[in-house]
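Shown below: run_34.cif, with mmCIF, C-alpha atoms.
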data_entry
loop_
_atom_site.label_atom_id
_atom_site.label_comp_id
_atom_site.auth_asym_id
_atom_site.auth_seq_id
_atom_site.Cartn_x
_atom_site.Cartn_y
_atom_site.Cartn_z
CA MET A 121 1.20 -7.56 26.58
CA THR A 122 -2.35 -7.63 25.22
CA ALA A 123 -4.81 -4.94 26.27
CA ALA A 124 -8.35 -5.89 27.20
CA GLY A 125 -10.38 -6.55 24.07
CA ASP A 126 -7.33 -6.67 21.79
CA THR A 127 -6.07 -9.76 20.02
CA PRO A 128 -2.31 -10.53 20.00
CA ARG A 129 -2.23 -9.67 16.29
CA GLU A 130 -3.83 -6.25 16.91
CA THR A 131 -1.46 -5.55 19.79
CA CYS A 132 1.60 -6.50 17.71
CA ARG A 133 0.44 -4.37 14.80
CA ASP A 134 -0.18 -1.33 16.99
CA ALA A 135 3.33 -1.58 18.43
CA ARG A 136 4.82 -2.13 14.98
CA LEU A 137 3.04 0.92 13.56
CA GLY A 138 4.34 3.05 16.40
CA MET A 139 7.89 1.94 15.70
CA LEU A 140 7.44 2.50 11.94
CA ARG A 141 6.32 6.07 12.54
CA HIS A 142 9.34 6.54 14.80
CA VAL A 143 11.69 5.32 12.04
CA ILE A 144 10.05 7.60 9.45
CA GLU A 145 10.40 10.55 11.84
CA ASP A 146 14.11 9.69 12.19
CA LEU A 147 14.51 9.67 8.41
CA LEU A 148 12.72 12.98 8.02
CA SER A 149 14.75 14.52 10.86
CA ILE A 150 17.93 14.69 8.75
CA GLU A 151 18.84 18.36 8.95
CA PRO A 152 21.52 20.46 7.18
CA ALA A 153 24.57 21.12 9.36
CA GLY A 154 26.80 23.00 6.92
CA ALA A 155 27.86 22.62 3.30
CA ASP A 156 26.90 19.06 2.27
CA ARG A 157 26.77 18.06 5.92
CA PHE A 158 23.73 16.70 7.70
CA ARG A 159 22.84 15.72 11.24
CA ALA A 160 20.50 13.04 12.59
CA ALA A 161 19.91 13.58 16.27
CA LYS A 162 17.46 10.74 16.77
CA GLN A 163 18.04 6.98 16.68
CA SER A 164 15.45 4.21 16.95
CA ASP A 165 15.97 2.37 20.23
CA VAL A 166 15.44 -1.16 18.92
CA PHE A 167 18.95 -2.50 19.60
CA ASP A 168 21.87 -1.80 21.94
CA ARG A 169 23.85 -0.30 19.05
CA VAL A 170 23.07 1.90 16.07
CA TYR A 171 21.27 -0.37 13.63
CA GLY A 172 23.20 -0.52 10.34
CA GLY A 173 20.11 -0.34 8.16
CA GLN A 174 19.12 2.91 9.83
CA MET A 175 22.52 4.48 9.12
CA LEU A 176 22.19 3.40 5.49
CA ALA A 177 18.69 4.84 5.15
CA GLN A 178 19.71 8.12 6.79
CA GLY A 179 22.88 8.25 4.69
CA LEU A 180 20.80 7.78 1.54
CA ARG A 181 18.51 10.59 2.61
CA ALA A 182 21.52 12.87 3.14
CA ALA A 183 23.09 11.95 -0.21
CA ALA A 184 19.78 12.46 -2.05
CA ALA A 185 19.59 16.02 -0.70
CA THR A 186 22.60 16.86 -2.92
CA VAL A 187 21.22 15.20 -6.09
CA ASP A 188 18.72 16.28 -8.73
CA GLY A 189 15.39 14.89 -7.50
CA ALA A 190 14.66 13.38 -10.92
CA ARG A 191 17.41 10.82 -10.36
CA PRO A 192 16.33 7.96 -8.09
CA PRO A 193 18.89 5.84 -6.21
CA ASN A 194 20.06 2.68 -7.98
CA SER A 195 22.73 1.28 -5.65
CA ALA A 196 24.33 1.56 -2.22
CA HIS A 197 27.60 0.09 -0.98
CA CYS A 198 28.90 0.46 2.54
CA TYR A 199 31.42 -0.68 5.13
CA PHE A 200 30.46 -0.76 8.80
CA LEU A 201 33.67 0.37 10.52
CA ARG A 202 32.60 0.73 14.16
CA LEU A 203 29.63 -0.10 16.36
CA GLY A 204 27.63 3.11 16.58
CA ASP A 205 26.48 4.50 19.92
CA PRO A 206 22.68 5.08 19.84
CA THR A 207 23.01 7.85 22.46
CA VAL A 208 25.31 9.99 20.25
CA PRO A 209 24.01 12.00 17.25
CA LEU A 210 25.20 10.95 13.80
CA GLU A 211 26.67 13.39 11.31
CA PHE A 212 26.72 12.63 7.58
CA HIS A 213 29.43 14.23 5.46
CA VAL A 214 28.59 14.06 1.74
CA GLU A 215 31.21 14.26 -1.02
CA ARG A 216 30.01 14.89 -4.58
CA VAL A 217 32.28 12.38 -6.28
CA ARG A 218 30.97 12.42 -9.86
CA GLU A 219 28.22 13.93 -11.99
CA THR A 220 27.43 12.75 -15.54
CA ARG A 221 24.44 12.98 -17.86
CA THR A 222 23.18 9.66 -16.41
CA PHE A 223 24.72 9.10 -12.97
CA SER A 224 25.37 10.98 -9.74
CA ASN A 225 27.78 9.38 -7.25
CA ARG A 226 28.03 10.40 -3.61
CA LEU A 227 30.45 9.32 -0.89
CA VAL A 228 28.96 9.60 2.60
CA ARG A 229 30.78 9.32 5.92
CA ALA A 230 28.66 8.70 9.00
CA GLN A 231 30.55 10.10 11.99
CA GLN A 232 30.25 10.14 15.76
CA ASN A 233 32.71 12.12 17.90
CA ASP A 234 35.06 12.61 14.90
CA HIS A 235 35.20 8.84 14.28
CA CYS A 236 33.91 7.38 11.01
CA VAL A 237 31.32 4.76 11.92
CA CYS A 238 30.17 3.84 8.42
CA LEU A 239 31.51 4.61 4.94
CA MET A 240 28.86 4.62 2.19
CA MET A 241 28.79 5.11 -1.56
CA PHE A 242 25.48 5.84 -3.30
CA SER A 243 24.67 5.95 -6.98
CA PHE A 244 21.69 7.78 -8.51
CA CYS A 245 20.66 7.07 -12.09
CA ALA A 246 18.45 8.86 -14.59
CA ALA A 247 15.72 6.72 -16.16
CA GLY A 248 16.72 4.88 -19.32
CA GLU A 249 15.89 1.96 -21.58
CA GLY A 250 17.88 -1.14 -22.49
CA LEU A 251 18.12 -4.89 -22.04
CA GLU A 252 15.75 -6.59 -19.62
CA HIS A 253 15.73 -10.02 -17.97
CA GLN A 254 15.30 -11.46 -14.49
CA TRP A 255 15.15 -14.68 -12.48
CA ALA A 256 11.70 -16.06 -11.75
CA MET A 257 10.13 -15.57 -8.35
CA PRO A 258 9.93 -18.82 -6.34
CA ASP A 259 6.60 -20.16 -5.12
CA ALA A 260 5.59 -19.11 -1.60
CA PRO A 261 2.38 -19.14 0.46
CA ALA A 262 0.52 -15.83 0.65
CA PRO A 263 1.73 -13.60 3.51
CA GLU A 264 -1.83 -13.32 4.87
CA THR A 265 -1.67 -17.04 5.76
CA LEU A 266 1.43 -16.60 7.95
CA ALA A 267 1.91 -15.22 11.45
CA SER A 268 4.16 -12.20 11.90
CA ARG A 269 7.61 -12.48 13.44
CA ASP A 270 6.49 -10.45 16.46
CA GLU A 271 3.44 -12.64 17.05
CA GLN A 272 5.52 -15.81 16.91
CA LEU A 273 8.16 -14.53 19.33
CA ILE A 274 5.53 -13.31 21.82
CA ALA A 275 3.72 -16.66 21.56
CA ILE A 276 6.97 -18.43 22.49
CA HIS A 277 8.38 -16.06 25.12
CA GLY A 278 5.50 -13.90 26.35
CA ASP A 279 6.85 -10.92 28.29
CA GLU A 280 10.24 -12.64 28.77
CA LEU A 281 11.61 -11.79 25.32
CA PRO A 282 15.32 -12.43 24.73
CA LEU A 283 17.65 -9.44 24.92
CA ASN A 284 17.85 -7.59 21.56
CA ALA A 285 14.99 -9.63 20.09
CA GLY A 286 13.82 -6.43 18.42
CA VAL A 287 10.12 -6.56 19.27
CA PRO A 288 8.43 -4.64 17.91
CA TRP A 289 10.26 -4.28 14.63
CA PRO A 290 8.95 -1.46 12.42
CA VAL A 291 8.64 -3.89 9.49
CA ASP A 292 6.09 -6.72 9.31
CA ILE A 293 8.12 -9.88 8.61
CA ARG A 294 6.55 -13.30 8.01
CA HIS A 295 8.85 -16.29 7.68
CA VAL A 296 7.93 -18.82 5.01
CA ASN A 297 10.25 -21.63 6.08
CA ARG A 298 12.97 -21.73 8.70
CA ARG A 299 12.80 -19.12 11.45
CA PRO A 300 16.11 -17.94 12.98
CA TRP A 301 15.22 -19.31 16.43
CA ASP A 302 14.38 -22.81 15.13
CA PRO A 303 16.89 -25.34 16.56
CA GLU A 304 17.42 -27.50 13.46
CA ILE A 305 20.27 -26.78 11.07
CA GLY A 306 19.04 -25.08 7.89
CA GLU A 307 20.18 -25.35 4.31
CA GLY A 308 21.03 -21.66 4.08
CA ARG A 309 18.09 -20.60 1.92
CA ASN A 310 15.30 -18.67 3.62
CA LEU A 311 12.13 -17.10 2.25
CA LEU A 312 10.20 -14.39 4.06
CA TRP A 313 7.67 -11.70 3.28
CA MET A 314 8.15 -8.13 4.49
CA ARG A 315 6.47 -4.74 4.20
CA ALA A 316 5.78 -1.52 6.04
CA ASP A 317 2.44 -2.30 7.66
CA ASP A 318 0.82 1.05 6.93
CA ALA A 319 -0.04 3.20 3.92
CA LEU A 320 2.95 5.40 3.05
CA PRO A 321 2.98 8.73 1.20
CA ASP A 322 3.82 8.76 -2.50
CA ASP A 323 7.47 9.63 -1.91
CA PRO A 324 9.72 7.26 -3.94
CA LEU A 325 12.79 8.21 -1.89
CA LEU A 326 11.03 7.33 1.38
CA HIS A 327 10.06 3.90 0.01
CA ALA A 328 13.64 3.32 -1.19
CA CYS A 329 15.03 4.38 2.21
CA LEU A 330 12.69 2.04 4.09
CA LEU A 331 13.54 -0.93 1.87
CA LEU A 332 17.24 -0.20 2.36
CA TYR A 333 16.56 -0.02 6.11
CA ALA A 334 14.79 -3.40 6.03
CA SER A 335 17.37 -5.08 3.77
CA ASP A 336 19.80 -5.32 6.71
CA LEU A 337 17.35 -6.83 9.20
CA THR A 338 17.53 -10.55 8.35
CA MET A 339 20.60 -11.07 6.14
CA ALA A 340 22.60 -12.92 8.81
CA GLU A 341 19.89 -15.56 9.24
CA ALA A 342 20.74 -17.63 6.16
CA ALA A 343 24.41 -17.83 7.21
CA THR A 344 23.94 -18.64 10.89
CA ALA A 345 21.21 -21.18 10.04
CA ARG A 346 23.86 -23.52 8.65
CA HIS A 347 25.55 -23.87 12.05
CA PRO A 348 24.50 -24.94 15.58
CA ILE A 349 24.25 -21.35 16.80
CA ARG A 350 21.50 -20.53 19.27
CA TRP A 351 19.69 -17.40 18.08
CA GLU A 352 19.09 -16.24 21.66
CA ASP A 353 22.84 -16.38 22.38
CA LEU A 354 23.76 -14.61 19.14
CA ILE A 355 21.46 -11.60 19.58
CA ALA A 356 22.43 -11.24 23.24
CA GLY A 357 26.16 -11.53 22.52
CA ARG A 358 26.33 -14.43 24.96
CA GLY A 359 29.41 -16.48 24.01
CA ILE A 360 29.21 -15.41 20.39
CA PHE A 361 29.46 -12.03 18.66
CA GLY A 362 28.03 -11.13 15.27
CA ALA A 363 27.98 -7.93 13.24
CA SER A 364 27.55 -6.84 9.63
CA LEU A 365 30.85 -6.03 7.92
CA ASP A 366 29.62 -4.61 4.64
CA HIS A 367 26.38 -4.29 2.73
CA SER A 368 25.54 -3.78 -0.94
CA PHE A 369 22.11 -2.99 -2.32
CA TRP A 370 20.74 -2.48 -5.81
CA LEU A 371 17.32 -0.96 -6.52
CA HIS A 372 16.29 -2.19 -9.97
CA GLN A 373 13.05 -0.22 -10.23
CA PRO A 374 10.83 1.99 -8.05
CA VAL A 375 9.36 0.17 -5.07
CA ARG A 376 6.19 0.39 -2.98
CA PHE A 377 7.28 -0.78 0.45
CA ASP A 378 3.74 -0.60 1.83
CA ASP A 379 2.96 -3.71 -0.24
CA TRP A 380 4.40 -7.17 0.33
CA LEU A 381 7.83 -8.13 -0.98
CA LEU A 382 9.18 -11.69 -0.94
CA HIS A 383 12.79 -11.74 0.24
CA VAL A 384 14.73 -14.79 -0.97
CA GLN A 385 18.04 -14.96 0.90
CA GLU A 386 20.82 -17.52 0.45
CA SER A 387 24.18 -18.10 2.10
CA SER A 388 26.57 -19.66 -0.40
CA ARG A 389 29.74 -19.49 1.68
CA GLY A 390 31.08 -19.26 5.22
CA GLY A 391 34.70 -19.32 6.31
CA GLY A 392 37.40 -17.42 8.16
CA GLY A 393 34.90 -16.22 10.73
CA ARG A 394 32.74 -14.62 8.03
CA GLY A 395 29.48 -15.57 6.37
CA PHE A 396 28.28 -14.37 2.96
CA THR A 397 24.60 -13.95 2.06
CA THR A 398 22.76 -12.66 -1.00
CA GLY A 399 19.10 -11.74 -1.30
CA ARG A 400 16.47 -10.84 -3.88
CA PHE A 401 13.22 -8.90 -3.36
CA PHE A 402 10.19 -9.73 -5.53
CA ASP A 403 6.87 -7.91 -5.52
CA ARG A 404 3.62 -9.87 -5.57
CA GLY A 405 3.51 -9.59 -9.35
CA GLY A 406 6.79 -11.52 -9.60
CA ARG A 407 8.96 -8.54 -10.58
CA LEU A 408 12.51 -8.49 -9.20
CA ILE A 409 12.61 -5.13 -7.42
CA ALA A 410 15.94 -5.15 -5.60
CA SER A 411 18.99 -7.28 -4.79
CA VAL A 412 21.29 -7.28 -1.78
CA ALA A 413 24.56 -8.85 -0.62
CA GLN A 414 26.20 -8.84 2.79
CA GLU A 415 29.13 -10.32 4.67
CA ILE A 416 28.83 -10.83 8.42
CA PHE A 417 31.49 -11.35 11.09
CA ILE A 418 30.98 -14.14 13.63
CA LYS A 419 33.28 -15.19 16.45
CA GLU A 420 33.10 -16.98 19.76
CA THR A 421 33.79 -14.77 22.73
CA THR A 422 33.63 -14.82 26.52
CA GLU A 423 34.56 -11.16 27.02
CA GLY A 424 31.87 -9.20 25.25
CA SER A 425 31.87 -8.01 21.68
CA GLY A 426 34.55 -6.70 19.37
CA ARG A 427 36.09 -6.99 15.96
#
Here is a file; write its structure as structure tokens.
Amino acid sequence: MTAAGDTPRETCRDARLGMLRHVIEDLLSIEPAGADRFRAAKQSDVFDRVYGGQMLAQGLRAAAATVDGARPPNSAHCYFLRLGDPTVPLEFHVERVRETRTFSNRLVRAQQNDHCVCLMMFSFCAAGEGLEHQWAMPDAPAPETLASRDEQLIAIHGDELPLNAGVPWPVDIRHVNRRPWDPEIGEGRNLLWMRADDALPDDPLLHACLLLYASDLTMAEAATARHPIRWEDLIAGRGIFGASLDHSFWLHQPVRFDDWLLHVQESSRGGGGRGFTTGRFFDRGGRLIASVAQEIFIKETTEGSGR
């Protein structure tokens, strides 16, 4: 996978940058398709289904097109209702639920073939002042001292990467402690660095969309780490099926996603075939930028996937 004269790190970064540009093109390709309706014809071909984080990012872009640009997004809440087909265009139907002096609320339905695939609610908030506090950022080694997720997977598997391994991912991810493919049982608390590995334009909405996109990439890891689940089987749907059920995200302040963020994710509960994980994103200055929560569905299966 390495061209003559290239190092594995350079090769991984080149592939990652190509995928990042593809994702940004997908976000910018949201086009009007009627009154408060939008269409996204393109999907990133990273997985065998529509990636949930991409639907969220595209849904946010569609919702923002109906909101005063001075109001940045402050939260997103969604339910994944069906597995999306990456070969079918997505349509986003936006409902202007509420407009106040401070908040704008938008309900967005992502649809394929007249079926609702994902139901999303977005909130946009005008800037204000008030109480301030936050948890401290935990200690972690600098991201420059760690190998990227792509590099580590290629070092282990070479060209024989597991199905749905997602290499390259458009986001540079560097695990601090347990990696999802490590065989030992984890304690359900993972730390990892992530960023878009290229300079991005000064578009706050684009940075928010990309962080929302990335916030869905690794949330299942803290939950599955607490059980003897082989990562290769999980991502391939081989004897076990997993999918995100819902996803909540809060953006506490504007973000630069082309700089490193430390994602601290913890799974506090699993039961009834579901695992619950929360996460917090800190910038390198120790500021808490965003928070996230997700529930995933996990079941053993011998007949393919389904909920």
Mind running region 313-376 of chain A against region 288-309 of chain A at 12 Å and telling me each contacting residue's nearest atom pair with the distance in Å (one decimal), counting all atoms listed in the file, chain and number ascending, as JSON lines?
{"residue": "A:Trp313", "atom": "CA", "partner": "A:Arg294", "partner_atom": "CA", "distance": 5.1}
{"residue": "A:Met314", "atom": "CA", "partner": "A:Ile293", "partner_atom": "CA", "distance": 4.5}
{"residue": "A:Arg315", "atom": "CA", "partner": "A:Asp292", "partner_atom": "CA", "distance": 5.5}
{"residue": "A:Ala316", "atom": "CA", "partner": "A:Val291", "partner_atom": "CA", "distance": 5.1}
{"residue": "A:Asp317", "atom": "CA", "partner": "A:Asp292", "partner_atom": "CA", "distance": 6.0}
{"residue": "A:Asp318", "atom": "CA", "partner": "A:Val291", "partner_atom": "CA", "distance": 9.6}
{"residue": "A:Leu330", "atom": "CA", "partner": "A:Val291", "partner_atom": "CA", "distance": 9.0}
{"residue": "A:Leu331", "atom": "CA", "partner": "A:Val291", "partner_atom": "CA", "distance": 9.5}
{"residue": "A:Leu332", "atom": "CA", "partner": "A:Val291", "partner_atom": "CA", "distance": 11.8}
{"residue": "A:Tyr333", "atom": "CA", "partner": "A:Val291", "partner_atom": "CA", "distance": 9.4}
{"residue": "A:Ala334", "atom": "CA", "partner": "A:Val291", "partner_atom": "CA", "distance": 7.1}
{"residue": "A:Ser335", "atom": "CA", "partner": "A:Val291", "partner_atom": "CA", "distance": 10.5}
{"residue": "A:Asp336", "atom": "CA", "partner": "A:Val291", "partner_atom": "CA", "distance": 11.6}
{"residue": "A:Leu337", "atom": "CA", "partner": "A:Val291", "partner_atom": "CA", "distance": 9.2}
{"residue": "A:Thr338", "atom": "CA", "partner": "A:Pro300", "partner_atom": "CA", "distance": 8.8}
{"residue": "A:Met339", "atom": "CA", "partner": "A:Pro300", "partner_atom": "CA", "distance": 10.7}
{"residue": "A:Ala340", "atom": "CA", "partner": "A:Pro300", "partner_atom": "CA", "distance": 9.2}
{"residue": "A:Glu341", "atom": "CA", "partner": "A:Pro300", "partner_atom": "CA", "distance": 5.8}
{"residue": "A:Ala342", "atom": "CA", "partner": "A:Gly308", "partner_atom": "CA", "distance": 4.5}
{"residue": "A:Ala343", "atom": "CA", "partner": "A:Gly308", "partner_atom": "CA", "distance": 6.0}
{"residue": "A:Thr344", "atom": "CA", "partner": "A:Gly308", "partner_atom": "CA", "distance": 8.0}
{"residue": "A:Ala345", "atom": "CA", "partner": "A:Gly306", "partner_atom": "CA", "distance": 5.0}
{"residue": "A:Arg346", "atom": "CA", "partner": "A:Gly306", "partner_atom": "CA", "distance": 5.1}
{"residue": "A:His347", "atom": "CA", "partner": "A:Ile305", "partner_atom": "CA", "distance": 6.1}
{"residue": "A:Pro348", "atom": "CA", "partner": "A:Ile305", "partner_atom": "CA", "distance": 6.5}
{"residue": "A:Ile349", "atom": "CA", "partner": "A:Pro303", "partner_atom": "CA", "distance": 8.4}
{"residue": "A:Arg350", "atom": "CA", "partner": "A:Trp301", "partner_atom": "CA", "distance": 7.0}
{"residue": "A:Trp351", "atom": "CA", "partner": "A:Trp301", "partner_atom": "CA", "distance": 5.1}
{"residue": "A:Glu352", "atom": "CA", "partner": "A:Trp301", "partner_atom": "CA", "distance": 7.2}
{"residue": "A:Asp353", "atom": "CA", "partner": "A:Trp301", "partner_atom": "CA", "distance": 10.1}
{"residue": "A:Leu354", "atom": "CA", "partner": "A:Trp301", "partner_atom": "CA", "distance": 10.1}
{"residue": "A:Ile355", "atom": "CA", "partner": "A:Trp301", "partner_atom": "CA", "distance": 10.4}
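Summary of the local environment: counting all atoms listed in the file, residues at most 6 Å from Val412 (chain A), other than itself and those fewer than 5 positions away along its chain, are Ser368, Phe369, Thr398 and Gly399 of chain A.
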Expressed in Å to a single decimal, how great is the separation between CA of Leu311 (chain A) and CA of Gln254 (chain A)? 17.9 Å
Kindly give the distance, in Å, that separates CA of Asp379 (chain A) and CA of Pro261 (chain A), rounded to a single decimal. 15.5 Å
Quick one, how far is CA of Phe396 (chain A) from CA of Val384 (chain A)? 14.1 Å
Output of the PyMOL selection byres ((chain A and resi 392) around 12), listed as a list in words: Arg389, Gly390, Gly391, Gly393, Arg394, Gly395, Phe396, Glu415, Ile416, Phe417, Ile418 and Lys419 of chain A
Save out the residues we just selected, C-alpha atoms, as a compact mmCIF listing (two decimals), in the coordinates of the input.
# COMPACT_ATOMS: atom_id res chain seq x y z
CA ARG A 389 29.74 -19.49 1.68
CA GLY A 390 31.08 -19.26 5.22
CA GLY A 391 34.70 -19.32 6.31
CA GLY A 393 34.90 -16.22 10.73
CA ARG A 394 32.74 -14.62 8.03
CA GLY A 395 29.48 -15.57 6.37
CA PHE A 396 28.28 -14.37 2.96
CA GLU A 415 29.13 -10.32 4.67
CA ILE A 416 28.83 -10.83 8.42
CA PHE A 417 31.49 -11.35 11.09
CA ILE A 418 30.98 -14.14 13.63
CA LYS A 419 33.28 -15.19 16.45
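Residues selected in this file by the PyMOL selection byres ((chain A and resi 402) around 7) comprise Met257, Leu381, Leu382, His383, Arg400, Phe401, Asp403, Arg404, Gly406, Arg407, Leu408 and Ile409 of chain A.
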Determine the residue membership of the PyMOL selection byres ((chain A and resi 274) around 12) for the file above and supply it as a VMD selection string. chain A and resid 121 to 122 128 to 129 131 to 132 267 to 273 275 to 282 285 to 288
